[in-house]
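Participant: The structure is given below, and queries will be raised subsequently.
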Amino acid sequence: MRPFSKNRPARKRRRIRRLRLLALLTVLGIAGTVSFTFGLITATAAEIQSGRFDPQKQLDKQVNGYIYDSSGEKILAVLRGSEARTLVRYDQIADPMRHAIVAIEDRRFWEHDGVDLRGIGRALIADIRHQKVVEGGSTITQQFVKNALDRDQKTIGRKVREAAFAWQLERSAAWPKKRILQEYLNTIYFGNGAYGVQQASLVYFDHGAKDLTIAEAALLAGIPADPSRYDPVTNPAAAKARRRAVLRAMLEESKITTAQYDEANATELPDPDEVGLGGTEGQHGALHFVNYVKQQLIDEYGETKVFGGGLKVVSTIDLELQQAAREAISKWLTEPDGPSAALVAIDPRDGAVRAMIGGNNYRKSQFNLAVQGVRQPGSSFKPFVLATALEQGISPQSVFRSGPVSIFLGNKYWPVHNYEGEYLGNIDLTKAIAVSDNSVFAQLTKDVGPQNVVRVAHALGVMRPLHGVFSIGLGTQAVSPLDMARAYASFADGGERVDGSLLGDQPRTITRIADAEGRTVTVNRPLRRRVLSASEDALLTQLLAGVVSHGTGTAAAIPGRAVAGKTGTTENYGDAWFVGWTPGLVTAVWVGYPDGLRPMLHEFHGGPVVGGSFPAEIWKTFTQSAVDALGLPAESFPPAPYVPGVAKRVTYRDGRIELDNGSCQDTSLLVYFQGRGPAKTANCGLHEVDVPNVVGLSLAAARSRLAAQPLTPQLIYAPAPAGRTPGTVLRQFPASGTLSTFGTVRLVVASARRSGG
């Protein structure tokens with residue numbers, strides 16, 4: 001071993017070399033940072049001087065873009081930003097509007113230098129406290145910069161660039177605070193096609209920004225954070241709540257008095273029928289569709305590129321089919337004050353939306369019933385339960401009892417009844433779907449699992465959020481006509497869902513986009529995704545064809561053509577649906593009152609409106625015209641294969657289906673395709689009963705509820721938390737599941753707190 005003293009000089013030299021290397025790297029890092037910062041400042045300063053952020057120069061440089069129909073020849077809309085934006089000066093914007101936008105968006109606007117470090121810290125603390133993003137840290141200056149930049153520049157340093165631009169902008173003598181606020185208000189989106197505060201004032205209140213009242217200014221100031229969520233036309237309750245938040249912020253900033261707050265808060269929202277852009281945009285009758293395409297384009301490219309960027313967009317809409325849809329609705333819905341209809345037609349072979357009727361009069365209301373009009377689909381949702389069953393290998397030969405049933409939900413029983421109390425005894429799924437038996441489909445939903453129904457519905461194309469509750473199988477979860485048409489298109493395409501390559505999981509409304517010079521920028525190719533096997537889908541189609549041939553949808557039958565579909569009627573007759581297809585075309589039709597849920601008890605020749613009445617008649621009239629216009633041949637559906645079945649007794653346990661071990665109480669006898677069915681056997685005990693949820697009940701009520709099963713309570717006392725009454729059940733073990741009769745359920749019961757002493 002070498003002496004220690006001989007190693008010291010070598011170690012010292014190595015330490016010196018490391019220190020020199022560290023110093024060199026530090027110097028290089030500082031130099032690089034300085035160089036990057038200098039370059040960034042120089043570049044941002046140059047861009048600001050070039051007029052990059054001047055809205056007037058942006059308008060002057062605009063090139064008109066166009067949205068065309070499916071032929072690429074007929075213009076549906078001109079994409080010109082100046083049509084939806086009018087620039088105004090600072091003194092042409094009412095004081096309440098300026099105060100409102102600063103109060104709700106950036107209270108320290110007049111104090112910071114473009115980037116508010118205090119605001120970023122406050123937002124970060126709020127986000128951490130709520131464990132989600134609840135507050136933004138961007139200043140008005142940063143938001144103005146963000147809107148001016150092309151939204152498709154998705155670089156890692158984008159946020160850094162935005163902050164640098166914001167800081168540099170506020171240092172420029174040409175951009176005082178008043179001008180930044182003025183141009184921010186001139187360029188932000190206020191919903192319903194209005195860009196800029198002047199156009200928004202005209203759209204919502206029919207007067208200019210100079211005359212905005214406190215209530216009007218507060219409403220407008222609340223919209224840009226989320227134009228869809230706070231739209232006073234489609235979401236009046238959310239818009240009112242948002243306006244109240246703006247008014248509260250203005251009050252806290254001493255910009256209004258308490259009396260002014262109360263008066264503005266009590267002011268009615270603008271009449272939805274009076275909201276909208278003036279002027280005309282073609283007489284093609286596809287304005288709701290055009291507005292939907294515009295929003296898709298904005299979401300993908302940003303409004304700067306869409307409006308005035310010269311894009312040439314070929315859409316999927318077929319104007320001949322669009323006219324046929326309007327005529328079909330007008331033929332059957334003849335009363336001006338009667339129900340309205342929404343219709344969406346899709347070519348299942350490529351997923352293209354060919355027709356969309358979103359309301360009777362676009363000028364009167366821009367609310368798109370086909371996209372934004374979410375209502376309960378009733379029994380038209382049952383095919384998703386059926387598809388889930390087929391996916392799990394459950395054969396339509398499975399027999400259920402058509403009669404009053406009660407489904408255990410954990411803390412109560414859900415009674416299910418058929419309309420008008422009509423029951424058929426023991427029937428198989430083929431019969432149950434044809435007659436739309438609620439009792440059977442409530443049982444089937446439990447057997448396949450409601451969460452699985454949600455999964456399959458989303459996979460097929462339903463875009464709306466769905467909750468896995470047992471009633472989902474009866475159509476209690478709200479969806480739109482576009483959702484239903486898109487999902488049924490997967491049925492009509494052999495079990496494959498078709499999306500576009502441009503927007504992903506979105507309906508395909510665009511075929512291709514070219515730039516201002518006519519060069520193709522993108523082709524929105526159809527992309528296919530298998531959801532159901534071809535054999536499962538063929539069997540489902542056969543079952544839904546039975547709905548039209550001898551079930552609730554006979555009014556939709558077209559002589560000489562194969563038709564499959566499903567009716568839907570909500571319990572109070574407030575919504576009626578027919579969704580169906582013939583080879584080459586899928587159409588969803590909804591009928592109801594657009595302004596709210598109103599029972600349609602006498603509108604169909606003195607009787608109630610059901611799915612097999614107006615919706616089926618409109619569907620048939622439209623489809624007959626559409627198949628002729630498209631030249632679709634009268635084809636048959638693919639034959640459904642015969643697969644032998646094996647009966648198995650199963651039970652729904654712990655969120656899944658398991659085989660009965662001979663002791664399970666709540667069982668079903670299902671027929672499974674050969675080789676299919678659950679592999680696991682349940683561990684049911686003798687004479688099992690469901691464990692009810694008694695948490696929150698008084699001890700007396702909990703004892704009574706458990707005795708009804710029957711189960712035995714075991715009491716454990718714990719001090720009553722603040723606000724809880726002694727004698728209340730705080731917790732229970734087990735919380736759910738099953739136990740043998742007279743099994744023990746431990747209850748934690750609140751007792752009176754002992755005083756100290």
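Residues in the structure tokens are named by chain (A, B, ... in the order shown) and by number from 1 within that chain; ligands are numbered from 1 in the order shown.
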Within 12 Å of range 238-246 of chain A, which residues of range 267-313 of chain A show up? Give each one with its shortest atom-to-atom distance in Å (one decimal) and the two atoms involved, counting only C-alpha atoms, rows by chain then rising residue number, as a tab-separated table.
Facilitator:
```
residue	atom	partner	partner_atom	distance
A:Thr267	CA	A:Lys240	CA	9.6
A:Glu268	CA	A:Lys240	CA	8.9
A:Leu269	CA	A:Lys240	CA	7.6
A:Pro270	CA	A:Ala239	CA	10.8
```
Participant: Could you give me the residues within range 450-554 of chain A that DSSP places in strand (DSSP E), as a list in words?
Facilitator: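 Answer for range 450-554 of chain A restricted to strand (DSSP E) is Glu496, Arg497, Val498, Asp499, Gly500, Ile510, Thr511, Arg512, Ile513, Ala514, Thr520, Val521, Thr522, Val523, Pro526, Leu527, Arg528, Arg529 and Arg530 of chain A.
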Participant: Keeping N, CA, C and O atoms for every residue in the selection just given, could you write it to a file as an mmCIF file, in the first residue's frame?
Facilitator:
```cif
data_model
loop_
_atom_site.group_PDB
_atom_site.id
_atom_site.type_symbol
_atom_site.label_atom_id
_atom_site.label_comp_id
_atom_site.auth_asym_id
_atom_site.auth_seq_id
_atom_site.Cartn_x
_atom_site.Cartn_y
_atom_site.Cartn_z
ATOM 1 N N GLU A 496 -66.908 -1.008 -37.181
ATOM 2 C CA GLU A 496 -65.721 -0.149 -37.171
ATOM 3 C C GLU A 496 -66.130 1.315 -37.082
ATOM 4 O O GLU A 496 -67.035 1.750 -37.790
ATOM 5 N N ARG A 497 -65.458 2.071 -36.201
ATOM 6 C CA ARG A 497 -65.686 3.508 -36.115
ATOM 7 C C ARG A 497 -64.737 4.216 -37.065
ATOM 8 O O ARG A 497 -63.565 3.849 -37.169
ATOM 9 N N VAL A 498 -65.228 5.249 -37.742
ATOM 10 C CA VAL A 498 -64.413 5.997 -38.689
ATOM 11 C C VAL A 498 -64.216 7.419 -38.171
ATOM 12 O O VAL A 498 -65.186 8.140 -37.940
ATOM 13 N N ASP A 499 -62.971 7.820 -37.967
ATOM 14 C CA ASP A 499 -62.615 9.192 -37.615
ATOM 15 C C ASP A 499 -61.827 9.793 -38.767
ATOM 16 O O ASP A 499 -61.550 9.114 -39.766
ATOM 17 N N GLY A 500 -61.446 11.059 -38.604
ATOM 18 C CA GLY A 500 -60.600 11.700 -39.598
ATOM 19 C C GLY A 500 -59.174 11.800 -39.103
ATOM 20 O O GLY A 500 -58.920 11.891 -37.901
ATOM 21 N N ILE A 510 -64.627 17.596 -42.566
ATOM 22 C CA ILE A 510 -63.716 18.237 -43.524
ATOM 23 C C ILE A 510 -63.009 17.139 -44.312
ATOM 24 O O ILE A 510 -62.589 16.129 -43.739
ATOM 25 N N THR A 511 -62.891 17.334 -45.642
ATOM 26 C CA THR A 511 -62.164 16.345 -46.444
ATOM 27 C C THR A 511 -60.745 16.805 -46.758
ATOM 28 O O THR A 511 -59.813 16.007 -46.704
ATOM 29 N N ARG A 512 -60.580 18.092 -47.070
ATOM 30 C CA ARG A 512 -59.224 18.576 -47.322
ATOM 31 C C ARG A 512 -59.164 20.085 -47.133
ATOM 32 O O ARG A 512 -60.188 20.782 -47.183
ATOM 33 N N ILE A 513 -57.931 20.585 -46.911
ATOM 34 C CA ILE A 513 -57.702 22.016 -46.702
ATOM 35 C C ILE A 513 -56.536 22.444 -47.576
ATOM 36 O O ILE A 513 -55.493 21.784 -47.613
ATOM 37 N N ALA A 514 -56.713 23.554 -48.274
ATOM 38 C CA ALA A 514 -55.648 24.128 -49.093
ATOM 39 C C ALA A 514 -55.304 25.516 -48.570
ATOM 40 O O ALA A 514 -56.097 26.144 -47.861
ATOM 41 N N THR A 520 -52.544 22.027 -51.389
ATOM 42 C CA THR A 520 -53.175 21.205 -50.351
ATOM 43 C C THR A 520 -52.303 21.189 -49.102
ATOM 44 O O THR A 520 -51.127 20.829 -49.147
ATOM 45 N N VAL A 521 -52.891 21.600 -47.994
ATOM 46 C CA VAL A 521 -52.194 21.607 -46.708
ATOM 47 C C VAL A 521 -52.368 20.272 -46.006
ATOM 48 O O VAL A 521 -51.426 19.714 -45.452
ATOM 49 N N THR A 522 -53.579 19.764 -46.025
ATOM 50 C CA THR A 522 -53.842 18.484 -45.372
ATOM 51 C C THR A 522 -55.041 17.809 -46.015
ATOM 52 O O THR A 522 -55.954 18.480 -46.499
ATOM 53 N N VAL A 523 -55.003 16.502 -46.018
ATOM 54 C CA VAL A 523 -56.143 15.687 -46.454
ATOM 55 C C VAL A 523 -56.636 14.937 -45.221
ATOM 56 O O VAL A 523 -55.864 14.231 -44.567
ATOM 57 N N PRO A 526 -60.022 9.170 -43.902
ATOM 58 C CA PRO A 526 -60.774 8.339 -42.953
ATOM 59 C C PRO A 526 -59.839 7.356 -42.257
ATOM 60 O O PRO A 526 -58.997 6.722 -42.893
ATOM 61 N N LEU A 527 -59.962 7.268 -40.941
ATOM 62 C CA LEU A 527 -59.199 6.308 -40.152
ATOM 63 C C LEU A 527 -60.168 5.363 -39.459
ATOM 64 O O LEU A 527 -61.111 5.810 -38.805
ATOM 65 N N ARG A 528 -59.948 4.077 -39.591
ATOM 66 C CA ARG A 528 -60.878 3.072 -39.071
ATOM 67 C C ARG A 528 -60.338 2.450 -37.787
ATOM 68 O O ARG A 528 -59.146 2.261 -37.629
ATOM 69 N N ARG A 529 -61.279 2.131 -36.884
ATOM 70 C CA ARG A 529 -60.925 1.476 -35.628
ATOM 71 C C ARG A 529 -61.979 0.423 -35.317
ATOM 72 O O ARG A 529 -63.171 0.739 -35.242
ATOM 73 N N ARG A 530 -61.562 -0.804 -35.159
ATOM 74 C CA ARG A 530 -62.481 -1.903 -34.877
ATOM 75 C C ARG A 530 -63.012 -1.804 -33.438
ATOM 76 O O ARG A 530 -62.253 -1.685 -32.499
#
```
Participant: Which of these residues is nearest to Ile433 in chain A, using only C-alpha atoms: A:Pro465, A:Pro559, A:Gly592, A:Pro396?
Facilitator: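 Distance minimum relative to Ile433 in chain A lands on A:Pro396.
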Participant: Of the residues A:Ala163, A:Ala434, A:Leu632, A:Ile140, which is the one nearest to Val548 in chain A, using only C-alpha atoms?
Facilitator: A:Ala434
Participant: Find the spatial neighbours of Gly378 in chain A, counting only C-alpha atoms, within a cut-off of 6 Å - ignore same-chain residues fewer than 5 positions away - and output them as a count of residues only.
Facilitator: 5
Participant: For the atom pair CA of Arg508 in chain A and CA of Met463 in chain A, what is the interatomic distance in Å to one decimal place?
Facilitator: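 Rounded to one decimal, the two atoms are 13.2 Å apart.
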Participant: From a DSSP calculation on the backbone, collect every residue of range 350-391 of chain A in helix (DSSP H, G or I) and output the set as a PyMOL selection string.
Facilitator: chain A and resi 378-391
Participant: Enter the distance from CA of Cys664 in chain A to CA of Leu444 in chain A, in Å, rounded to one decimal.
Facilitator: 17.6 Å
Participant: Can you pull out every residue within 9 Å of Ala616 in chain A, counting only C-alpha atoms, but drop anything in the same chain fewer than 2 positions away, and send it as a list in words?
Facilitator: Gly553, Thr554, Ala555, Ala556, Ala557, Thr567, Trp577, Phe578, Val579, Val589, Val610, Gly611, Gly612, Ser613, Phe614, Ile618, Trp619, Lys620 and Thr621 of chain A
Participant: Just checking: using only C-alpha atoms, which residue out of A:Thr187, A:Ser535, A:Thr141, A:Asn418 ends up closest to Glu303 in chain A?
Facilitator: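 Among A:Thr187, A:Ser535, A:Thr141, A:Asn418, it is A:Thr187 that comes nearest to Glu303 in chain A.
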Participant: Near Gln198 in chain A, within 9 Å and counting only C-alpha atoms, which residues show up once chain neighbours fewer than 4 positions away are dropped, as a PyMOL selection string?
Facilitator: chain A and resi 85-88+92-93+185-186+194+202-203+207-210
Participant: Just want the 8 Å neighbourhood of Leu251 in chain A, counted on only C-alpha atoms, with same-chain residues fewer than 6 positions away dropped. Output as a VMD selection string.
Facilitator: chain A and resid 257 to 258 261
Participant: Could you save the residues just selected, with N, CA, C and O atoms, as a compact mmCIF listing (two decimals), in the first residue's frame?
Facilitator:
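Contents of the output file selection32.txt:
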```
# COMPACT_ATOMS: atom_id res chain seq x y z
N THR A 257 -70.62 50.33 -6.88
CA THR A 257 -71.16 50.36 -5.52
C THR A 257 -72.00 49.12 -5.27
O THR A 257 -72.33 48.37 -6.20
N THR A 258 -72.38 48.91 -4.01
CA THR A 258 -73.23 47.77 -3.67
C THR A 258 -74.57 47.87 -4.38
O THR A 258 -75.10 46.86 -4.85
N TYR A 261 -74.10 46.85 -7.89
CA TYR A 261 -73.93 45.39 -7.94
C TYR A 261 -75.28 44.69 -7.92
O TYR A 261 -75.56 43.80 -8.74
```
Participant: Would you kindly return, as a PyMOL selection string, each protein, DNA or RNA residue with an atom no farther than 9 Å from any atom of Asp271 in chain A, considering only C-alpha atoms and excluding same-chain residues fewer than 3 positions away?
Facilitator: chain A and resi 204+232-233+268+274-275
Participant: When you draw a straight line from CA of Gly662 in chain A to CA of Lys648 in chain A, how long is it in Å?
Facilitator: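 Computing the Euclidean distance for CA of Gly662 in chain A and CA of Lys648 in chain A yields 11.7 Å.
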